[in-house]
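Colleague: Sending over model-v3.pdb (PDB, C-alpha atoms).
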ATOM      1  CA  MET E 279      -3.717 -46.726  54.036
ATOM      2  CA  LEU E 280      -4.457 -47.440  50.360
ATOM      3  CA  SER E 281      -3.505 -50.774  48.887
ATOM      4  CA  LYS E 282      -1.320 -50.949  45.763
ATOM      5  CA  VAL E 283      -4.419 -51.777  43.702
ATOM      6  CA  GLN E 284      -6.243 -48.717  45.033
ATOM      7  CA  GLN E 285      -3.177 -46.539  44.456
ATOM      8  CA  SER E 286      -2.945 -47.733  40.842
ATOM      9  CA  PHE E 287      -6.637 -47.060  40.326
ATOM     10  CA  MET E 288      -6.351 -43.526  41.720
ATOM     11  CA  PHE E 289      -3.337 -42.880  39.501
ATOM     12  CA  LEU E 290      -5.248 -43.961  36.397
ATOM     13  CA  VAL E 291      -8.236 -41.766  37.357
ATOM     14  CA  GLY E 292      -5.922 -38.799  37.864
ATOM     15  CA  LEU E 293      -4.219 -39.441  34.518
ATOM     16  CA  PHE E 294      -7.609 -39.580  32.763
ATOM     17  CA  LEU E 295      -8.772 -36.328  34.352
ATOM     18  CA  PHE E 296      -5.498 -34.609  33.427
ATOM     19  CA  SER E 297      -5.789 -35.753  29.796
ATOM     20  CA  TYR E 298      -9.445 -34.717  29.615
ATOM     21  CA  CYS E 299      -8.814 -31.251  31.042
ATOM     22  CA  ASN E 300      -5.919 -30.652  28.691
ATOM     23  CA  THR E 301      -7.664 -31.819  25.518
ATOM     24  CA  PRO E 302      -8.416 -28.858  23.194
ATOM     25  CA  ASN E 303     -12.049 -27.888  22.865
ATOM     26  CA  GLN E 304     -13.280 -29.865  19.868
ATOM     27  CA  GLN E 305     -16.614 -28.014  19.602
ATOM     28  CA  VAL E 306     -15.097 -25.163  17.586
ATOM     29  CA  GLU E 307     -13.796 -26.798  14.443
ATOM     30  CA  THR E 308     -11.694 -25.057  11.831
ATOM     31  CA  LEU E 309     -13.352 -21.984  10.319
ATOM     32  CA  LYS E 310     -13.554 -22.334   6.553
ATOM     33  CA  ILE E 311     -12.882 -19.033   4.804
ATOM     34  CA  ALA E 312     -13.837 -18.848   1.110
ATOM     35  CA  THR E 313     -11.350 -16.254  -0.157
ATOM     36  CA  SER E 314     -11.149 -14.459  -3.488
ATOM     37  CA  ALA E 315      -7.859 -15.216  -5.205
ATOM     38  CA  ASN E 316      -6.616 -11.631  -4.974
ATOM     39  CA  MET E 317      -6.841 -11.747  -1.168
ATOM     40  CA  GLN E 318      -5.118 -15.069  -0.516
ATOM     41  CA  PHE E 319      -1.832 -13.606   0.778
ATOM     42  CA  VAL E 320      -3.510 -10.897   2.839
ATOM     43  CA  MET E 321      -5.878 -13.447   4.389
ATOM     44  CA  ARG E 322      -2.987 -15.675   5.438
ATOM     45  CA  ASP E 323      -1.565 -12.775   7.426
ATOM     46  CA  LEU E 324      -4.986 -11.866   8.796
ATOM     47  CA  ILE E 325      -5.880 -15.338  10.024
ATOM     48  CA  HIS E 326      -2.395 -15.844  11.474
ATOM     49  CA  SER E 327      -2.913 -12.791  13.690
ATOM     50  CA  PHE E 328      -6.521 -13.771  14.348
ATOM     51  CA  GLU E 329      -5.523 -17.257  15.486
ATOM     52  CA  GLN E 330      -2.906 -15.832  17.853
ATOM     53  CA  GLU E 331      -5.460 -13.460  19.328
ATOM     54  CA  SER E 332      -8.499 -15.743  19.508
ATOM     55  CA  GLY E 333      -7.184 -19.314  19.420
ATOM     56  CA  ILE E 334      -9.621 -20.040  16.575
ATOM     57  CA  VAL E 335      -8.056 -21.959  13.690
ATOM     58  CA  SER E 336      -9.041 -20.993  10.128
ATOM     59  CA  GLU E 337      -8.600 -22.614   6.732
ATOM     60  CA  ILE E 338      -8.513 -20.654   3.462
ATOM     61  CA  ILE E 339     -10.230 -21.934   0.321
ATOM     62  CA  VAL E 340      -9.120 -19.842  -2.687
ATOM     63  CA  GLY E 341     -11.010 -19.255  -5.933
ATOM     64  CA  SER E 342     -12.723 -16.677  -8.081
ATOM     65  CA  SER E 343     -15.456 -14.757  -6.270
ATOM     66  CA  GLY E 344     -18.126 -15.976  -8.680
ATOM     67  CA  LYS E 345     -17.248 -19.640  -8.327
ATOM     68  CA  LEU E 346     -16.978 -19.468  -4.536
ATOM     69  CA  SER E 347     -20.340 -17.693  -4.363
ATOM     70  CA  ALA E 348     -21.940 -20.405  -6.516
ATOM     71  CA  GLN E 349     -20.443 -23.104  -4.292
ATOM     72  CA  ILE E 350     -21.895 -21.457  -1.184
ATOM     73  CA  ILE E 351     -25.342 -21.158  -2.768
ATOM     74  CA  ASN E 352     -25.104 -24.866  -3.626
ATOM     75  CA  GLY E 353     -24.335 -25.790  -0.029
ATOM     76  CA  ALA E 354     -20.551 -25.666   0.342
ATOM     77  CA  PRO E 355     -19.804 -25.615   4.101
ATOM     78  CA  TYR E 356     -17.967 -22.298   4.268
ATOM     79  CA  ASP E 357     -18.270 -20.005   7.271
ATOM     80  CA  VAL E 358     -17.026 -16.705   5.821
ATOM     81  CA  PHE E 359     -16.895 -15.404   2.251
ATOM     82  CA  VAL E 360     -14.232 -12.781   1.480
ATOM     83  CA  SER E 361     -15.025 -11.482  -1.989
ATOM     84  CA  ALA E 362     -13.241  -9.239  -4.478
ATOM     85  CA  ASP E 363     -16.411  -7.188  -4.913
ATOM     86  CA  MET E 364     -19.700  -6.356  -3.211
ATOM     87  CA  VAL E 365     -21.950  -8.007  -5.801
ATOM     88  CA  TYR E 366     -21.366 -11.656  -4.906
ATOM     89  CA  PRO E 367     -21.802 -11.196  -1.131
ATOM     90  CA  GLN E 368     -24.997  -9.250  -1.836
ATOM     91  CA  ALA E 369     -26.186 -12.200  -3.934
ATOM     92  CA  LEU E 370     -25.737 -14.491  -0.924
ATOM     93  CA  LYS E 371     -27.734 -12.077   1.198
ATOM     94  CA  LYS E 372     -30.560 -12.201  -1.352
ATOM     95  CA  GLU E 373     -30.517 -15.984  -0.995
ATOM     96  CA  ASN E 374     -30.980 -15.492   2.779
ATOM     97  CA  ILE E 375     -28.028 -17.724   3.648
ATOM     98  CA  ASN E 376     -26.035 -14.986   5.356
ATOM     99  CA  ALA E 377     -25.484 -14.666   9.098
ATOM    100  CA  SER E 378     -24.039 -11.142   8.959
ATOM    101  CA  ASP E 379     -24.680  -8.158   6.764
ATOM    102  CA  VAL E 380     -22.327  -7.422   3.848
ATOM    103  CA  ILE E 381     -19.282  -5.503   5.082
ATOM    104  CA  GLN E 382     -16.930  -3.541   2.831
ATOM    105  CA  TYR E 383     -13.433  -4.243   4.121
ATOM    106  CA  SER E 384     -11.266  -2.622   1.416
ATOM    107  CA  VAL E 385     -11.022  -1.142  -2.078
ATOM    108  CA  GLY E 386      -8.804  -2.950  -4.563
ATOM    109  CA  LYS E 387      -6.483  -1.619  -7.240
ATOM    110  CA  LEU E 388      -5.843  -3.091 -10.670
ATOM    111  CA  VAL E 389      -2.238  -3.449 -11.871
ATOM    112  CA  VAL E 390      -0.381  -4.501 -15.012
ATOM    113  CA  TRP E 391       2.213  -7.136 -14.101
ATOM    114  CA  SER E 392       4.999  -8.564 -16.282
ATOM    115  CA  LYS E 393       7.811 -11.005 -15.575
ATOM    116  CA  GLU E 394      10.419  -9.348 -17.808
ATOM    117  CA  LYS E 395       9.669  -5.640 -18.192
ATOM    118  CA  ARG E 396       7.651  -2.816 -16.672
ATOM    119  CA  PHE E 397       4.735  -1.735 -18.843
ATOM    120  CA  GLN E 398       2.483   1.226 -18.297
ATOM    121  CA  PHE E 399      -1.141   0.543 -19.108
ATOM    122  CA  GLU E 400      -0.970   2.876 -22.116
ATOM    123  CA  GLU E 401       1.724   0.667 -23.645
ATOM    124  CA  ILE E 402      -0.115  -2.642 -23.724
ATOM    125  CA  ASP E 403      -1.134  -2.179 -27.366
ATOM    126  CA  ASP E 404       2.526  -2.396 -28.394
ATOM    127  CA  GLU E 405       2.923  -4.581 -31.492
ATOM    128  CA  PHE E 406       5.504  -6.744 -29.691
ATOM    129  CA  ILE E 407       2.955  -7.738 -27.038
ATOM    130  CA  SER E 408       1.100 -10.801 -28.262
ATOM    131  CA  LYS E 409      -0.488 -12.280 -25.120
ATOM    132  CA  ILE E 410      -2.269 -10.427 -22.315
ATOM    133  CA  ALA E 411      -3.763 -12.410 -19.432
ATOM    134  CA  ILE E 412      -6.903 -11.399 -17.588
ATOM    135  CA  ALA E 413      -9.157 -13.318 -15.202
ATOM    136  CA  ASN E 414     -12.539 -14.509 -16.430
ATOM    137  CA  PRO E 415     -14.670 -11.331 -16.310
ATOM    138  CA  LYS E 416     -17.815 -13.413 -15.773
ATOM    139  CA  THR E 417     -16.684 -14.736 -12.381
ATOM    140  CA  ALA E 418     -13.659 -12.653 -11.332
ATOM    141  CA  PRO E 419     -14.169  -8.965 -10.403
ATOM    142  CA  TYR E 420     -10.573  -8.083 -11.339
ATOM    143  CA  GLY E 421     -11.115  -9.660 -14.746
ATOM    144  CA  LYS E 422     -14.225  -7.546 -15.171
ATOM    145  CA  ALA E 423     -12.266  -4.411 -14.202
ATOM    146  CA  ALA E 424      -9.425  -5.306 -16.588
ATOM    147  CA  LEU E 425     -11.786  -5.810 -19.505
ATOM    148  CA  GLU E 426     -13.518  -2.529 -18.677
ATOM    149  CA  ALA E 427     -10.200  -0.642 -18.706
ATOM    150  CA  ILE E 428      -9.100  -2.299 -21.966
ATOM    151  CA  GLN E 429     -12.353  -1.566 -23.767
ATOM    152  CA  HIS E 430     -12.412   1.985 -22.447
ATOM    153  CA  SER E 431      -8.982   2.724 -23.901
ATOM    154  CA  PHE E 432      -8.564   0.344 -26.836
ATOM    155  CA  ASN E 433     -12.101  -0.708 -27.774
ATOM    156  CA  ASN E 434     -11.876  -4.253 -29.174
ATOM    157  CA  THR E 435      -8.461  -3.909 -30.833
ATOM    158  CA  LEU E 436      -6.752  -6.165 -28.278
ATOM    159  CA  GLN E 437      -9.354  -8.924 -28.320
ATOM    160  CA  ASN E 438      -7.126 -11.403 -30.170
ATOM    161  CA  LYS E 439      -4.327 -10.926 -27.618
ATOM    162  CA  LEU E 440      -6.386 -11.748 -24.541
ATOM    163  CA  VAL E 441      -5.742 -14.971 -22.640
ATOM    164  CA  PHE E 442      -8.358 -15.762 -20.003
ATOM    165  CA  GLY E 443      -7.531 -17.398 -16.682
ATOM    166  CA  GLU E 444     -10.103 -19.076 -14.483
ATOM    167  CA  SER E 445      -9.187 -16.700 -11.667
ATOM    168  CA  ILE E 446      -6.539 -14.117 -10.882
ATOM    169  CA  SER E 447      -4.439 -16.966  -9.446
ATOM    170  CA  GLN E 448      -4.213 -18.592 -12.859
ATOM    171  CA  VAL E 449      -3.397 -15.227 -14.433
ATOM    172  CA  ASN E 450      -0.526 -14.891 -11.967
ATOM    173  CA  GLN E 451       0.688 -18.350 -12.945
ATOM    174  CA  PHE E 452       0.630 -17.378 -16.627
ATOM    175  CA  ILE E 453       2.668 -14.257 -15.865
ATOM    176  CA  LEU E 454       5.292 -15.887 -13.657
ATOM    177  CA  ALA E 455       5.706 -18.857 -16.003
ATOM    178  CA  ASP E 456       6.364 -16.498 -18.958
ATOM    179  CA  GLN E 457       3.329 -17.874 -20.791
ATOM    180  CA  VAL E 458       2.104 -14.333 -21.503
ATOM    181  CA  ASP E 459       3.811 -10.991 -22.035
ATOM    182  CA  LEU E 460       1.845  -9.365 -19.226
ATOM    183  CA  GLY E 461      -1.318  -9.708 -17.244
ATOM    184  CA  PHE E 462      -3.781  -7.832 -15.071
ATOM    185  CA  SER E 463      -3.518  -8.570 -11.370
ATOM    186  CA  SER E 464      -4.241  -7.007  -7.977
ATOM    187  CA  ILE E 465      -2.194  -4.676  -5.813
ATOM    188  CA  PHE E 466      -2.759  -7.230  -3.028
ATOM    189  CA  ILE E 467      -0.939  -9.855  -5.100
ATOM    190  CA  VAL E 468       2.088  -7.905  -6.314
ATOM    191  CA  ASN E 469       2.741  -6.439  -2.858
ATOM    192  CA  ALA E 470       2.684  -9.854  -1.177
ATOM    193  CA  PRO E 471       6.127 -10.697   0.272
ATOM    194  CA  PRO E 472       6.635 -13.768  -1.986
ATOM    195  CA  ASN E 473       5.942 -11.683  -5.105
ATOM    196  CA  LYS E 474       7.635  -8.348  -4.429
ATOM    197  CA  LYS E 475      10.799  -9.252  -6.341
ATOM    198  CA  LEU E 476       9.050 -11.184  -9.096
ATOM    199  CA  GLY E 477       8.685  -9.101 -12.223
ATOM    200  CA  PHE E 478       7.540  -5.531 -12.683
ATOM    201  CA  TRP E 479       4.185  -3.851 -12.210
ATOM    202  CA  SER E 480       2.401  -0.519 -12.545
ATOM    203  CA  GLU E 481      -1.052   0.642 -11.505
ATOM    204  CA  VAL E 482      -3.858   0.983 -14.022
ATOM    205  CA  PRO E 483      -5.353   4.503 -13.886
ATOM    206  CA  GLU E 484      -8.345   4.222 -11.566
ATOM    207  CA  HIS E 485     -10.640   6.346 -13.744
ATOM    208  CA  LEU E 486     -10.617   3.573 -16.385
ATOM    209  CA  TYR E 487     -12.628   1.084 -14.317
ATOM    210  CA  ALA E 488     -15.335   1.123 -11.672
ATOM    211  CA  PRO E 489     -14.001   1.180  -8.086
ATOM    212  CA  ILE E 490     -13.335  -2.356  -6.823
ATOM    213  CA  ALA E 491     -15.125  -2.200  -3.483
ATOM    214  CA  GLN E 492     -14.489  -5.533  -1.749
ATOM    215  CA  GLY E 493     -16.985  -7.087   0.643
ATOM    216  CA  MET E 494     -17.265  -9.992   3.054
ATOM    217  CA  ILE E 495     -20.069 -11.824   4.788
ATOM    218  CA  SER E 496     -20.533 -14.693   7.221
ATOM    219  CA  ILE E 497     -22.709 -17.681   6.372
ATOM    220  CA  LYS E 498     -25.433 -19.317   8.442
ATOM    221  CA  GLY E 499     -24.164 -22.404  10.249
ATOM    222  CA  LYS E 500     -22.736 -23.768  13.460
ATOM    223  CA  HIS E 501     -19.774 -21.357  13.563
ATOM    224  CA  GLU E 502     -21.592 -18.038  13.267
ATOM    225  CA  LYS E 503     -20.182 -16.674  16.536
ATOM    226  CA  GLU E 504     -16.580 -17.473  15.573
ATOM    227  CA  ALA E 505     -17.149 -16.200  12.030
ATOM    228  CA  GLN E 506     -18.361 -12.881  13.429
ATOM    229  CA  GLN E 507     -15.237 -12.693  15.556
ATOM    230  CA  LEU E 508     -13.148 -12.978  12.385
ATOM    231  CA  LEU E 509     -15.155 -10.264  10.625
ATOM    232  CA  ASP E 510     -14.734  -8.002  13.650
ATOM    233  CA  PHE E 511     -10.992  -8.663  13.673
ATOM    234  CA  ILE E 512     -10.641  -7.825   9.958
ATOM    235  CA  MET E 513     -12.419  -4.513  10.550
ATOM    236  CA  SER E 514     -10.395  -3.721  13.677
ATOM    237  CA  ASN E 515      -7.456  -1.308  13.611
ATOM    238  CA  LYS E 516      -5.076  -4.276  13.638
ATOM    239  CA  GLY E 517      -6.835  -6.046  10.774
ATOM    240  CA  GLN E 518      -7.111  -2.918   8.648
ATOM    241  CA  ALA E 519      -3.422  -2.157   9.221
ATOM    242  CA  ILE E 520      -2.537  -5.586   7.792
ATOM    243  CA  ILE E 521      -4.697  -4.948   4.715
ATOM    244  CA  LYS E 522      -3.253  -1.460   4.184
ATOM    245  CA  SER E 523       0.294  -2.825   4.350
ATOM    246  CA  TYR E 524      -0.442  -4.505   0.987
ATOM    247  CA  HIS E 525      -1.878  -1.377  -0.631
TER     248      HIS E 525
END
In structure tokens, how does this file's structure come out?

Modeller:
Amino acid sequence: MLSKVQQSFMFLVGLFLFSYCNTPNQQVETLKIATSANMQFVMRDLIHSFEQESGIVSEIIVGSSGKLSAQIINGAPYDVFVSADMVYPQALKKENINASDVIQYSVGKLVVWSKEKRFQFEEIDDEFISKIAIANPKTAPYGKAALEAIQHSFNNTLQNKLVFGESISQVNQFILADQVDLGFSSIFIVNAPPNKKLGFWSEVPEHLYAPIAQGMISIKGKHEKEAQQLLDFIMSNKGQAIIKSYH
């Protein structure tokens, strides 16, 4: 028969083993997902479903595609890059820092968005419109598409009305804070549940700008396996259905 001291010791050993066996696996840390600003709402839905399915926790870091790409090239510890175009992921591949190939996961659509009134693209040269927000075309693919559409239809006549945001997120802030009359955003933004009742929007005719093919890529590092699982999920029927629900 065990003494009280031995019984106490066995209890403590059992408690330690129980705690150890029920401690979450710490080897797989949080996946860091560098996400273009236009995809921030879609990605929240995607990783929520992904976490439920896989148990892998993910964190979203939002910015313009160009800036996120530069951060990755300079060593930022991101595991997946979800871009608003194919160019920036291809640039990472050229730098040989990719774990996967570049995968096109969707095609974006450019919209005109206003807080107070619905404008068609053809109406943005109205004399009563004094400020038009677009994302920086040097680092934001949707800014590049917006500038392309404007120059195609209006040449440089609207140049003095343009207000440049660092990314499409800042453009959205300008619009919703009534700091501009209208701005150019993404279909993925205006169809996000928090934004559906905020303002008015209309699509920009697609023939006015180059197709916005959007690509993603995983980055070399200690979470390549888990990163690939996320890419596979995004391309699965379930992942694509989530993306299409915003289109």

Colleague: Find the residues around stretch 476-491 of chain E up to 10 Å (all atoms listed in the file counted), leave out those fewer than 2 positions away in its own chain, and share them as a PyMOL selection string.

Modeller: chain E and resi 361-365+382-400+419-420+422-431+453-454+460-465+468-469+471-474+493

Colleague: Based on the selection just made, write C-alpha atoms of those residues as a CSV table (one decimal), in the frame of the given file.

Modeller:
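Writing done, so here's again24.csv:
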chain,number,residue,atom,x,y,z
E,361,SER,CA,-15.0,-11.5,-2.0
E,362,ALA,CA,-13.2,-9.2,-4.5
E,363,ASP,CA,-16.4,-7.2,-4.9
E,364,MET,CA,-19.7,-6.4,-3.2
E,365,VAL,CA,-22.0,-8.0,-5.8
E,382,GLN,CA,-16.9,-3.5,2.8
E,383,TYR,CA,-13.4,-4.2,4.1
E,384,SER,CA,-11.3,-2.6,1.4
E,385,VAL,CA,-11.0,-1.1,-2.1
E,386,GLY,CA,-8.8,-3.0,-4.6
E,387,LYS,CA,-6.5,-1.6,-7.2
E,388,LEU,CA,-5.8,-3.1,-10.7
E,389,VAL,CA,-2.2,-3.4,-11.9
E,390,VAL,CA,-0.4,-4.5,-15.0
E,391,TRP,CA,2.2,-7.1,-14.1
E,392,SER,CA,5.0,-8.6,-16.3
E,393,LYS,CA,7.8,-11.0,-15.6
E,394,GLU,CA,10.4,-9.3,-17.8
E,395,LYS,CA,9.7,-5.6,-18.2
E,396,ARG,CA,7.7,-2.8,-16.7
E,397,PHE,CA,4.7,-1.7,-18.8
E,398,GLN,CA,2.5,1.2,-18.3
E,399,PHE,CA,-1.1,0.5,-19.1
E,400,GLU,CA,-1.0,2.9,-22.1
E,419,PRO,CA,-14.2,-9.0,-10.4
E,420,TYR,CA,-10.6,-8.1,-11.3
E,422,LYS,CA,-14.2,-7.5,-15.2
E,423,ALA,CA,-12.3,-4.4,-14.2
E,424,ALA,CA,-9.4,-5.3,-16.6
E,425,LEU,CA,-11.8,-5.8,-19.5
E,426,GLU,CA,-13.5,-2.5,-18.7
E,427,ALA,CA,-10.2,-0.6,-18.7
E,428,ILE,CA,-9.1,-2.3,-22.0
E,429,GLN,CA,-12.4,-1.6,-23.8
E,430,HIS,CA,-12.4,2.0,-22.4
E,431,SER,CA,-9.0,2.7,-23.9
E,453,ILE,CA,2.7,-14.3,-15.9
E,454,LEU,CA,5.3,-15.9,-13.7
E,460,LEU,CA,1.8,-9.4,-19.2
E,461,GLY,CA,-1.3,-9.7,-17.2
E,462,PHE,CA,-3.8,-7.8,-15.1
E,463,SER,CA,-3.5,-8.6,-11.4
E,464,SER,CA,-4.2,-7.0,-8.0
E,465,ILE,CA,-2.2,-4.7,-5.8
E,468,VAL,CA,2.1,-7.9,-6.3
E,469,ASN,CA,2.7,-6.4,-2.9
E,471,PRO,CA,6.1,-10.7,0.3
E,472,PRO,CA,6.6,-13.8,-2.0
E,473,ASN,CA,5.9,-11.7,-5.1
E,474,LYS,CA,7.6,-8.3,-4.4
E,493,GLY,CA,-17.0,-7.1,0.6

Colleague: Would you work out the distance separating atom CA of E:Lys475 from atom CA of E:Glu405, expressed in Å to one decimal?

Modeller: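 For atom CA of E:Lys475 relative to atom CA of E:Glu405, the distance reads 26.8 Å.
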
Colleague: Between E:Arg322, E:Ala418, E:Val380, E:Ala411, which one has atoms that come closest to E:Lys345, using only C-alpha atoms?

Modeller: E:Ala418

Colleague: Contacts of stretch 498-504 of chain E at 8 Å or less, counting all atoms listed in the file, minus same-chain residues fewer than 6 places along, as a PyMOL selection string?

Modeller: chain E and resi 306+309+334+357+375-377

Colleague: Using all atoms listed in the file, pick whichever of E:Ser408, E:Gln437, E:Gln518, E:Asn374 has the shortest atom-to-atom distance to E:Ile351.

Modeller: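 Nearest candidate to E:Ile351 out of E:Ser408, E:Gln437, E:Gln518, E:Asn374: E:Asn374.
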
Colleague: Give me, as a ChimeraX atom specification, all polymer residues having an atom no more than 10 Å from E:Gly344, counting only C-alpha atoms and skipping those fewer than 2 positions away in the same chain.

Modeller: /E:314,341-342,346-349,361-363,365-367,414-419,445

Colleague: Show me as a ChimeraX atom specification the residues that reach within 12 Å of (-9.9, -18.5, 18.9), counting all atoms listed in the file and using the file's own coordinates.

Modeller: /E:302-309,325-336,501,503-508,511

Colleague: Can those selected residues be exported to a file as a PDB file, keeping the file's coordinate frame so that it contains C-alpha atoms?

Modeller:
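The file below, out-v5.pdb, is the result:
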ATOM      1  CA  PRO E 302      -8.416 -28.858  23.194  1.00  0.00           C
ATOM      2  CA  ASN E 303     -12.049 -27.888  22.865  1.00  0.00           C
ATOM      3  CA  GLN E 304     -13.280 -29.865  19.868  1.00  0.00           C
ATOM      4  CA  GLN E 305     -16.614 -28.014  19.602  1.00  0.00           C
ATOM      5  CA  VAL E 306     -15.097 -25.163  17.586  1.00  0.00           C
ATOM      6  CA  GLU E 307     -13.796 -26.798  14.443  1.00  0.00           C
ATOM      7  CA  THR E 308     -11.694 -25.057  11.831  1.00  0.00           C
ATOM      8  CA  LEU E 309     -13.352 -21.984  10.319  1.00  0.00           C
ATOM      9  CA  ILE E 325      -5.880 -15.338  10.024  1.00  0.00           C
ATOM     10  CA  HIS E 326      -2.395 -15.844  11.474  1.00  0.00           C
ATOM     11  CA  SER E 327      -2.913 -12.791  13.690  1.00  0.00           C
ATOM     12  CA  PHE E 328      -6.521 -13.771  14.348  1.00  0.00           C
ATOM     13  CA  GLU E 329      -5.523 -17.257  15.486  1.00  0.00           C
ATOM     14  CA  GLN E 330      -2.906 -15.832  17.853  1.00  0.00           C
ATOM     15  CA  GLU E 331      -5.460 -13.460  19.328  1.00  0.00           C
ATOM     16  CA  SER E 332      -8.499 -15.743  19.508  1.00  0.00           C
ATOM     17  CA  GLY E 333      -7.184 -19.314  19.420  1.00  0.00           C
ATOM     18  CA  ILE E 334      -9.621 -20.040  16.575  1.00  0.00           C
ATOM     19  CA  VAL E 335      -8.056 -21.959  13.690  1.00  0.00           C
ATOM     20  CA  SER E 336      -9.041 -20.993  10.128  1.00  0.00           C
ATOM     21  CA  HIS E 501     -19.774 -21.357  13.563  1.00  0.00           C
ATOM     22  CA  LYS E 503     -20.182 -16.674  16.536  1.00  0.00           C
ATOM     23  CA  GLU E 504     -16.580 -17.473  15.573  1.00  0.00           C
ATOM     24  CA  ALA E 505     -17.149 -16.200  12.030  1.00  0.00           C
ATOM     25  CA  GLN E 506     -18.361 -12.881  13.429  1.00  0.00           C
ATOM     26  CA  GLN E 507     -15.237 -12.693  15.556  1.00  0.00           C
ATOM     27  CA  LEU E 508     -13.148 -12.978  12.385  1.00  0.00           C
ATOM     28  CA  PHE E 511     -10.992  -8.663  13.673  1.00  0.00           C
TER      29      PHE E 511
END

Colleague: By how many Å are atom CA of E:Leu436 and atom CA of E:Ile412 apart?

Modeller: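 Atom-to-atom, atom CA of E:Leu436 and atom CA of E:Ile412 are spaced 11.9 Å apart.
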
Colleague: Any idea what the distance is between atom CA of E:Asn316 and atom CA of E:Ile446?

Modeller: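 Spanning atom CA of E:Asn316 to atom CA of E:Ile446 is a straight-line distance of 6.4 Å.
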
Colleague: When you count only C-alpha atoms, which of these residues is closest to E:Gln492: E:Gln368, E:Ala519, E:Glu337, E:Asp323?

Modeller: E:Gln368

Colleague: Report as a PDB file with C-alpha atoms, in the frame of the given file all protein, DNA and RNA residues lying within 9 Å of E:Phe466, evaluated on all atoms listed in the file, omitting residues in the same chain fewer than 6 positions from it.

Modeller:
ATOM      1  CA  ASN E 316      -6.616 -11.631  -4.974  1.00  0.00           C
ATOM      2  CA  MET E 317      -6.841 -11.747  -1.168  1.00  0.00           C
ATOM      3  CA  GLN E 318      -5.118 -15.069  -0.516  1.00  0.00           C
ATOM      4  CA  PHE E 319      -1.832 -13.606   0.778  1.00  0.00           C
ATOM      5  CA  VAL E 320      -3.510 -10.897   2.839  1.00  0.00           C
ATOM      6  CA  GLY E 386      -8.804  -2.950  -4.563  1.00  0.00           C
ATOM      7  CA  LYS E 387      -6.483  -1.619  -7.240  1.00  0.00           C
ATOM      8  CA  ILE E 521      -4.697  -4.948   4.715  1.00  0.00           C
ATOM      9  CA  TYR E 524      -0.442  -4.505   0.987  1.00  0.00           C
ATOM     10  CA  HIS E 525      -1.878  -1.377  -0.631  1.00  0.00           C
TER      11      HIS E 525
END

Colleague: Take the PyMOL selection byres ((chain E and resi 407) around 9), run it mentally on this structure, and tell me the resulting residues as a PyMOL selection string.

Modeller: chain E and resi 402-406+408-410+439+458-460

Colleague: Hey, which of E:Gln457, E:Asn434, E:Ser378, E:Ser343 ends up closest to E:Ala413? Count all atoms listed in the file.

Modeller: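 Answer, going by the shortest atom-to-atom distance: E:Ser343.
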
Colleague: Step by step, work through what the PyMOL selection byres ((chain E and resi 359) around 7) selects in the shown file, and finish by giving those residues as a VMD selection string.

Modeller: chain E and resid 311 to 313 357 to 358 360 to 361 494 to 496

Colleague: Check the smallest atom-to-atom distance from each of E:Lys516, E:Lys371, E:Ser447, E:Gly353 to E:Val340 using all atoms listed in the file, then report the winner.

Modeller: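 Nearest to E:Val340: E:Ser447.
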